[in-house]
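Single-structure report; data block below.
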Number of protein chains: 4
Amino acid sequence: MLDLVSLRRDFHRHPEVGFTEFRTASKVVEILTSLGYEVIYGQEAIDGDSRRGLPSEAVLEAAYERALRDGANPAIVEKMRGGYTAVIGVKKGKAPGPTVAFRFDMDALPVLESTEQDHFPQANGFRSHYEGNMHACAHDGHTTIGLGLAEALSAGDFSGTLKLIFQPAEEGVRGAYAIVEKGHLDDVDYIFCNHLGVNVPLGEVHGGSYGFLATTKMMAHFYGVSSHAGASPEQGKNALLGAATALLNIHAIPRFSTGDTRINVGVLEGGTAANIIPAYAKMVVETRSITEEVNAEVENRVRNIIAHSAAMHELDYKIEVVGGAIPINYDVEMAELALEEAKQVEGFHSFKHGEYNSMGSEDASFMIKRVQDRGGKGTYMAIGTDIPAPHHHPKFDIQEEILPRSVALLNRIARRLLT
Amino acid sequence: MLDLVSLRRDFHRHPEVGFTEFRTASKVVEILTSLGYEVIYGQEAIDGDSRRGLPSEAVLEAAYERALRDGANPAIVEKMRGGYTAVIGVKKGKAPGPTVAFRFDMDALPVLESTEQDHFPQANGFRSHYEGNMHACAHDGHTTIGLGLAEALSAGDFSGTLKLIFQPAEEGVRGAYAIVEKGHLDDVDYIFCNHLGVNVPLGEVHGGSYGFLATTKMMAHFYGVSSHAGASPEQGKNALLGAATALLNIHAIPRFSTGDTRINVGVLEGGTAANIIPAYAKMVVETRSITEEVNAEVENRVRNIIAHSAAMHELDYKIEVVGGAIPINYDVEMAELALEEAKQVEGFHSFKHGEYNSMGSEDASFMIKRVQDRGGKGTYMAIGTDIPAPHHHPKFDIQEEILPRSVALLNRIARRLLT
Amino acid sequence: MLDLVSLRRDFHRHPEVGFTEFRTASKVVEILTSLGYEVIYGQEAIDGDSRRGLPSEAVLEAAYERALRDGANPAIVEKMRGGYTAVIGVKKGKAPGPTVAFRFDMDALPVLESTEQDHFPQANGFRSHYEGNMHACAHDGHTTIGLGLAEALSAGDFSGTLKLIFQPAEEGVRGAYAIVEKGHLDDVDYIFCNHLGVNVPLGEVHGGSYGFLATTKMMAHFYGVSSHAGASPEQGKNALLGAATALLNIHAIPRFSTGDTRINVGVLEGGTAANIIPAYAKMVVETRSITEEVNAEVENRVRNIIAHSAAMHELDYKIEVVGGAIPINYDVEMAELALEEAKQVEGFHSFKHGEYNSMGSEDASFMIKRVQDRGGKGTYMAIGTDIPAPHHHPKFDIQEEILPRSVALLNRIARRLLT
Amino acid sequence: MLDLVSLRRDFHRHPEVGFTEFRTASKVVEILTSLGYEVIYGQEAIDGDSRRGLPSEAVLEAAYERALRDGANPAIVEKMRGGYTAVIGVKKGKAPGPTVAFRFDMDALPVLESTEQDHFPQANGFRSHYEGNMHACAHDGHTTIGLGLAEALSAGDFSGTLKLIFQPAEEGVRGAYAIVEKGHLDDVDYIFCNHLGVNVPLGEVHGGSYGFLATTKMMAHFYGVSSHAGASPEQGKNALLGAATALLNIHAIPRFSTGDTRINVGVLEGGTAANIIPAYAKMVVETRSITEEVNAEVENRVRNIIAHSAAMHELDYKIEVVGGAIPINYDVEMAELALEEAKQVEGFHSFKHGEYNSMGSEDASFMIKRVQDRGGKGTYMAIGTDIPAPHHHPKFDIQEEILPRSVALLNRIARRLLT
């Protein structure tokens, strides 16, 4: 039987950021395989071109090599090379029935973990081995729960099909869309996504969550021509003038009466030296809104501003979408079903229907939407744990007793539907 | 015989700004006619579409009515209605010979003339009757000299053809180009343009002048959509955001290593009320350079910036050229000829070849260029007069003894060439 | 007895914009006086320095002269000269009791009234005599209702004190604050403000209204130094560069998570000529928010941006507040009382409690707030009328049958409280 | 006797960029010491606080370690640790006399050297060992010439004092000022600086050079506050908004009629992630002008713009000067003396007086100015060599026969003055 705490601590020690989850995903493949699941991974699990915000090849390769050094199964990770780090475990039951999916995200964050003794992972010897990366958003717990659930249902003693989706790159909302595009949600009847913590205390469960914003994350590149700033400034095409103009005008996009919006230029980098007219600049832009339509309109305005800020200075440009999500409209029926089951699990004593979730954006939204678009149902649950510091903080941590309880809850939900 | 001082004072009293010189031009027509000149004026003298920075119809009409009230000949000004205020006097000599042209500008400035007693026109009763307009750049003197010259050569006792060009709207460099476009310079062999003052003291003559900058003056219009700034800001298309973006970026056009430049957004006006997204804005832009090529390149960049600043905010736009000039490259031979003749005129005692002229820009440049392009020669002379205050100043004035001397000089030049 | 329709049409014919309501206010004074009211007006009614967005002296004088020509009582308007156009009528009842106030606004809009025959005022001969001004927001009706109410209560057959406040310059939210600052609300126990129309149909009454935004309207002046753009650009201090920088950055003020906001630079004007570095620019800025606190913070950011945009270009600057309002939190008790009385008035058949009002901002908010701050109560009612075109539209109109009904309703409310 | 070619190639193989010239400088110290010079280096040679654009400590340490690995004398470089890489060799003659100084710069460039076979250093086995760094501006030759000159004058058979100044960090004009500030130029009577190449062909010598621009290179840091762009954008203080505003306005600084200028924002970098309001940005700005005064005025305007762009967005900021130079006004007498001596050296056959040098800026200017300010004289010579590619190009190279000829020329100049 799986030792959930050990498993979680192993993942915690080896935090891998979006699309570099080679070691984590290879462990997931090994365990699912040992539990008799059909395991889909690598290019069969995720659509390469639909991945957003993929790291550079050099970064992917370095992470790949590190995973190999740290015990990843070479035959397995070989298939994930280049950032194909999604894993899907499928178990068919003994009789026909519906398809029920659960989503678990695996990626870590570029956060430097605390070394203070009051930080539980430090005190207990499982602080990150990868300096600068950290599981500061509970995805180590999520992955562990997913594997615990796999074990609990490994006998296949149910009717229908179980689908366990282990997603890369949820941070930056970059990975889910590419799994959806590969078609893996098209046959799903029910989907349950969940998150530990998110300001919900231990013992409390929320059957649904709302308030997730539609968002688009873009990387814009401005391509100009360098020139000596003293000798021939007029021969340059100044990428930073274009980028700075875009930045100011993007922030000046008006408020919308049709829905609250957010806009941010999070990064701007350009130029090489004091005496060179800058030939290149890049910019990371994020838009959000409470509706998909308004977010799309704001995204269009951003694109138009970038296009003309570039053209104004005779620059070429390119815009890549590096992340995105849509709002989640959970099915009340699923939320209620989840709460009913939670009442049967020891350790849960507070039960709430759909609650506002302040996590910003979640690309599980694409999975839930796809299921709903094809007639299915889904929800996004919050499972409480007290946390000593906020999500994404160097001292973030979860309470490990929540791991078996969560497995028990999801197990009950699965069995309730797989009949 | 013409009383040059009275004539100049009459013009000074009735200062008419660019393209509204109805009264002035009608007097010029009357005198030239009385002296037996063939007189070309109205739509035959100037190409309507090539006029730049034409005032609004309302302004033109008001000035037209004023001219009628103040003694303009109705039959004559009728032909000038709508701003066709150029006059050309032609006198054929008794024998064939070259065509020699002189240019005189007639327009005044939107300057409020001084009422102080130490201001000569005030003290002597010929201050401007048109409050807010003033002959503060000596064009009253230029027009007077042109008529004096017409009288001096009215007998036609020379070989060849004399052409006296009385130009509207030199201020803002708006009128000369349209006379050139009408073809009146195409048959000219020699052209002499001149200016009184320009930091040259009484008694001194410059045979040529250089340093005039190529310039383009543009009016840009930005057309957006208004909307209530509180209720539906996203429905507006904000003309002022486009205009302000253009303004900053126009000023940020780089220095040119290939020639000194100047750029100015002299006027920006837009919007109607605090709570309305501004639907319209206009902008006046000026570019300059020491070369025609660099000025053209800067003008192109301004146009590109305006186009994309507008498109960035989904605005329409229009750019009108409202003025322009090119550098003057005078012919040294003409400058020397002028100085030789000046030495024969009493009152002149200091003689210089081509001198740097700090007047900025002059659209006589188009006339000289056209003559040179067709194999002729020309120059731009400076004829000295002490001035109590700078050009364009409310207390600017000239010394009236320069009027007959200038006539004598130009008469000698004309006769020297018309042989 | 007052002929309400004639009265309203007389006001409609003579629409006077904010702080120029000389004729209107003088008529109000005359009628209130004839009805035996104590009448406070001129500098006693309104605090001069607290008026916002006062027109120029020339505009005030021209309107003053016009009012005299059109029948304003010279002795009365003399005291209003310079824009002191508030009027307060006070009637003490026969016994002690509470003080009940009603607010009526008198100003018109700078809108050109329709001349089409399907426009009722045109068809019936009472279209605006003041070309370009129009009563397009029902204030002609409000003023009429106020006078009707004055008549209905002129006998003083009640307990307590009645206060009828006729306010100038509600448009642009400029006039109420200065009446409050003069102290006229300090002794009020109950205040009722109301508006005709506002998307409420004939026969319907709203006891309260909410949704009014806090707002500040500012005029910023930028003072630089002019210079010749060709000869010495470096000697100028460019007011338009400062203003354009402010404009872009004001629009870039971030969204607030603590309350929805609006920001607009509605007007920008600066500069004089193509070849002059602009020495002066002015800008009109409006901020709004659903809370007074957030609006104040946005206003502070606007002020800071203007200050440093000016200083960046070595400009001086000045910011004037030219308008402002705060949200209205009406007292439910007053709204209910109003509806109870409405049910007794023939013609009203639909009754709603506090409804969202999309009028944007209202400076009656300052009056209600002052009453509430001192322990009193108040509300802002909407009284329905069908309208053929939106408020502020050239074809806006009201149904005149609402005038006597409104008087009846307010009369009932007053008598209910004045006991 | 020194093998100049071997010495140059050794330097070429080990190119060290500004303030990391540990190996180069230690070789210079060793050779000067072996030739009997008094050698001043480390903190005695250069004022630490006056160094501009010092690399980070990590970069300095890495270069230090590399130098040790590549044969730098540990006892010597120990004193240079932290970027104190200036060396001054002093030789007193046998009799009293004037002090004559020569300046040689030692630093390389961050250029990736060509690996093509037609590139002489590649073909001859002395291409850079330090990938990404390259002697692409002849400073390897300059250092070699300086050591050859040291050898030629090592007997001290002259009257007066010889001072050989080996300067770090000429590229970016960062090192000379700190040597001047240490006082090493205060006792110099004559100074000769020179450059190989600079578009002068082999066999030609220029006695002086002009056209060097005054310049200031600044690094500006903007310090704000980060915040979640979705959850609480209003709590951030956006460093990129400040920086972009500064960038646009810096480029919009007007042209100066008092002297040609150049302005460039060469680098802008800020922000960390799409969903974080950027808390930090940095900017590299360069100003230039043909006069020190105009450059200082432009620098002041840049500083003012940065200060207020920061304050506008409630940011803190810091500006560091990371480089600078002033124009060079060489003494004609020195230039003529240099040419007279050049005529005596075989291999030189073309001799020019002061020629325009298009190298942009040179911080030898501070050394020459200090000498002149204290009554001495100096010049900046150009010594020709044909070059296969422009300065700073990956295929730049010099002709090695110029090394002994240059030594011979400088030796003659030194001996002429040291009498």
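We name chains A, B, ... following the order of the structure tokens; residues begin at 1 in each chain, and ligands are numbered from 1 as shown.
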
Applying 9 Å and only C-alpha atoms, which residues near C:Ser209 remain after dropping the ones on its own chain fewer than 2 positions away? List them as a PyMOL selection string.
chain C and resi 206-207+211-212+328-330+335+353-357+379-382

Serialized selection, C-alpha atoms, as an mmCIF file, in the first residue's frame:
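Everything below was put into result_29.cif:
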data_model
loop_
_atom_site.group_PDB
_atom_site.id
_atom_site.type_symbol
_atom_site.label_atom_id
_atom_site.label_comp_id
_atom_site.auth_asym_id
_atom_site.auth_seq_id
_atom_site.Cartn_x
_atom_site.Cartn_y
_atom_site.Cartn_z
ATOM 1 C CA HIS C 206 -39.357 55.166 -6.928
ATOM 2 C CA GLY C 207 -39.078 56.015 -3.261
ATOM 3 C CA GLY C 211 -25.948 53.835 -7.869
ATOM 4 C CA PHE C 212 -24.817 57.426 -7.957
ATOM 5 C CA ILE C 328 -26.278 58.752 -2.156
ATOM 6 C CA ASN C 329 -27.338 56.408 0.639
ATOM 7 C CA TYR C 330 -31.021 57.129 0.941
ATOM 8 C CA ALA C 335 -38.508 56.082 0.625
ATOM 9 C CA HIS C 353 -38.393 51.047 -3.388
ATOM 10 C CA GLY C 354 -34.809 52.068 -3.986
ATOM 11 C CA GLU C 355 -33.940 51.506 -7.615
ATOM 12 C CA TYR C 356 -30.639 51.723 -9.442
ATOM 13 C CA ASN C 357 -30.381 55.087 -11.128
ATOM 14 C CA THR C 379 -34.005 60.314 -0.046
ATOM 15 C CA TYR C 380 -33.683 60.771 -3.780
ATOM 16 C CA MET C 381 -36.890 59.885 -5.617
ATOM 17 C CA ALA C 382 -37.560 59.167 -9.257
#

Write out as a PyMOL selection string the set of residues from stretch 173-383 of chain C that DSSP, computed on the backbone, places in strand (DSSP E).
chain C and resi 190-196+204-206+209-210+214-223+261-271+280-289+316-325+350-352+355-356+377-383

Can you spit out the residues from that selection as a compact mmCIF listing (two decimals), in the first residue's frame, using C-alpha atoms?
# COMPACT_ATOMS: atom_id res chain seq x y z
CA TYR C 190 -35.83 65.75 6.31
CA ILE C 191 -34.81 66.32 2.73
CA PHE C 192 -36.44 65.10 -0.47
CA CYS C 193 -34.71 65.36 -3.81
CA ASN C 194 -36.27 64.04 -6.99
CA HIS C 195 -35.85 63.72 -10.70
CA LEU C 196 -38.40 63.35 -13.48
CA GLU C 204 -44.35 54.87 -11.63
CA VAL C 205 -42.59 56.29 -8.59
CA HIS C 206 -39.36 55.17 -6.93
CA SER C 209 -32.42 55.69 -5.84
CA TYR C 210 -28.90 54.41 -5.55
CA ALA C 214 -18.64 59.55 -6.29
CA THR C 215 -16.95 61.85 -8.77
CA THR C 216 -14.46 64.67 -9.01
CA LYS C 217 -14.08 66.91 -12.02
CA MET C 218 -10.82 68.82 -12.28
CA MET C 219 -9.35 71.42 -14.58
CA ALA C 220 -5.55 71.28 -14.73
CA HIS C 221 -3.48 74.11 -16.14
CA PHE C 222 0.11 73.62 -17.31
CA TYR C 223 2.28 76.72 -17.54
CA THR C 261 -13.67 53.19 -11.06
CA ARG C 262 -13.84 55.43 -14.10
CA ILE C 263 -11.26 57.90 -15.38
CA ASN C 264 -11.46 60.26 -18.32
CA VAL C 265 -9.48 63.15 -19.69
CA GLY C 266 -12.32 64.81 -21.46
CA VAL C 267 -10.57 67.86 -22.85
CA LEU C 268 -6.99 68.79 -23.69
CA GLU C 269 -6.09 72.06 -25.33
CA GLY C 270 -2.72 73.70 -25.70
CA GLY C 271 -0.35 75.62 -27.91
CA TYR C 280 0.24 76.60 -21.97
CA ALA C 281 -2.14 73.69 -21.92
CA LYS C 282 -5.26 72.85 -20.00
CA MET C 283 -6.90 69.55 -19.31
CA VAL C 284 -10.26 68.49 -17.91
CA VAL C 285 -10.18 65.27 -15.92
CA GLU C 286 -13.01 63.27 -14.38
CA THR C 287 -12.72 60.49 -11.83
CA ARG C 288 -15.55 58.31 -10.54
CA SER C 289 -16.00 55.40 -8.21
CA ASP C 316 4.17 75.13 -13.25
CA TYR C 317 0.66 73.85 -12.83
CA LYS C 318 -2.63 74.49 -11.07
CA ILE C 319 -5.53 72.14 -10.45
CA GLU C 320 -9.06 73.45 -9.87
CA VAL C 321 -11.94 71.29 -8.76
CA VAL C 322 -14.76 72.20 -11.15
CA GLY C 323 -17.33 69.68 -10.03
CA GLY C 324 -17.96 66.83 -7.69
CA ALA C 325 -20.45 64.54 -6.07
CA SER C 350 -46.52 51.51 -9.89
CA PHE C 351 -44.43 51.85 -6.75
CA LYS C 352 -40.83 50.77 -6.22
CA GLU C 355 -33.94 51.51 -7.61
CA TYR C 356 -30.64 51.72 -9.44
CA LYS C 377 -32.97 61.72 6.95
CA GLY C 378 -33.38 62.02 3.23
CA THR C 379 -34.01 60.31 -0.05
CA TYR C 380 -33.68 60.77 -3.78
CA MET C 381 -36.89 59.89 -5.62
CA ALA C 382 -37.56 59.17 -9.26
CA ILE C 383 -40.91 60.28 -10.65

Do you have, as a Markdown table, the list of residues of chain C lying at most 7 Å from chain A, each with its nearest atom pair and that distance in Å to one decimal, counting only C-alpha atoms and ordered by chain then number?
| residue | atom | partner | partner_atom | distance |
| --- | --- | --- | --- | --- |
| C:Leu248 | CA | A:Ala252 | CA | 6.7 |
| C:His251 | CA | A:Ala252 | CA | 4.6 |
| C:Ala252 | CA | A:Ala252 | CA | 4.3 |
| C:Arg255 | CA | A:Arg262 | CA | 6.6 |
| C:Arg262 | CA | A:Arg255 | CA | 6.7 |

Emit the selected residues as a PDB file, in the first residue's frame, including N, CA and C atoms.
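Final output, saved to part_4.pdb:
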ATOM      1  N   LEU C 248      -1.710  60.258 -20.741  1.00  0.00           N
ATOM      2  CA  LEU C 248      -1.489  58.817 -20.879  1.00  0.00           C
ATOM      3  C   LEU C 248      -1.409  58.150 -19.512  1.00  0.00           C
ATOM      4  N   HIS C 251      -4.795  57.814 -17.660  1.00  0.00           N
ATOM      5  CA  HIS C 251      -5.596  56.683 -18.149  1.00  0.00           C
ATOM      6  C   HIS C 251      -4.999  55.354 -17.687  1.00  0.00           C
ATOM      7  N   ALA C 252      -3.709  55.343 -17.349  1.00  0.00           N
ATOM      8  CA  ALA C 252      -3.050  54.096 -16.935  1.00  0.00           C
ATOM      9  C   ALA C 252      -3.143  53.833 -15.431  1.00  0.00           C
ATOM     10  N   ARG C 255      -6.872  49.547 -12.219  1.00  0.00           N
ATOM     11  CA  ARG C 255      -8.158  49.173 -11.669  1.00  0.00           C
ATOM     12  C   ARG C 255      -8.012  48.997 -10.158  1.00  0.00           C
ATOM     13  N   ARG C 262     -13.842  54.876 -12.753  1.00  0.00           N
ATOM     14  CA  ARG C 262     -13.844  55.428 -14.102  1.00  0.00           C
ATOM     15  C   ARG C 262     -12.876  56.604 -14.112  1.00  0.00           C
TER      16      ARG C 262
END

Gap from atom CA of D:Leu32 to atom CA of D:Asp187 - Å, one decimal:
20.6 Å

Do you know which residues are at most 9 Å from stretch 121-125 of chain D counting only C-alpha atoms, after dropping those on the same chain fewer than 6 positions away, and could you put them as a PyMOL selection string?
chain D and resi 9+12-13+113-115+395+397
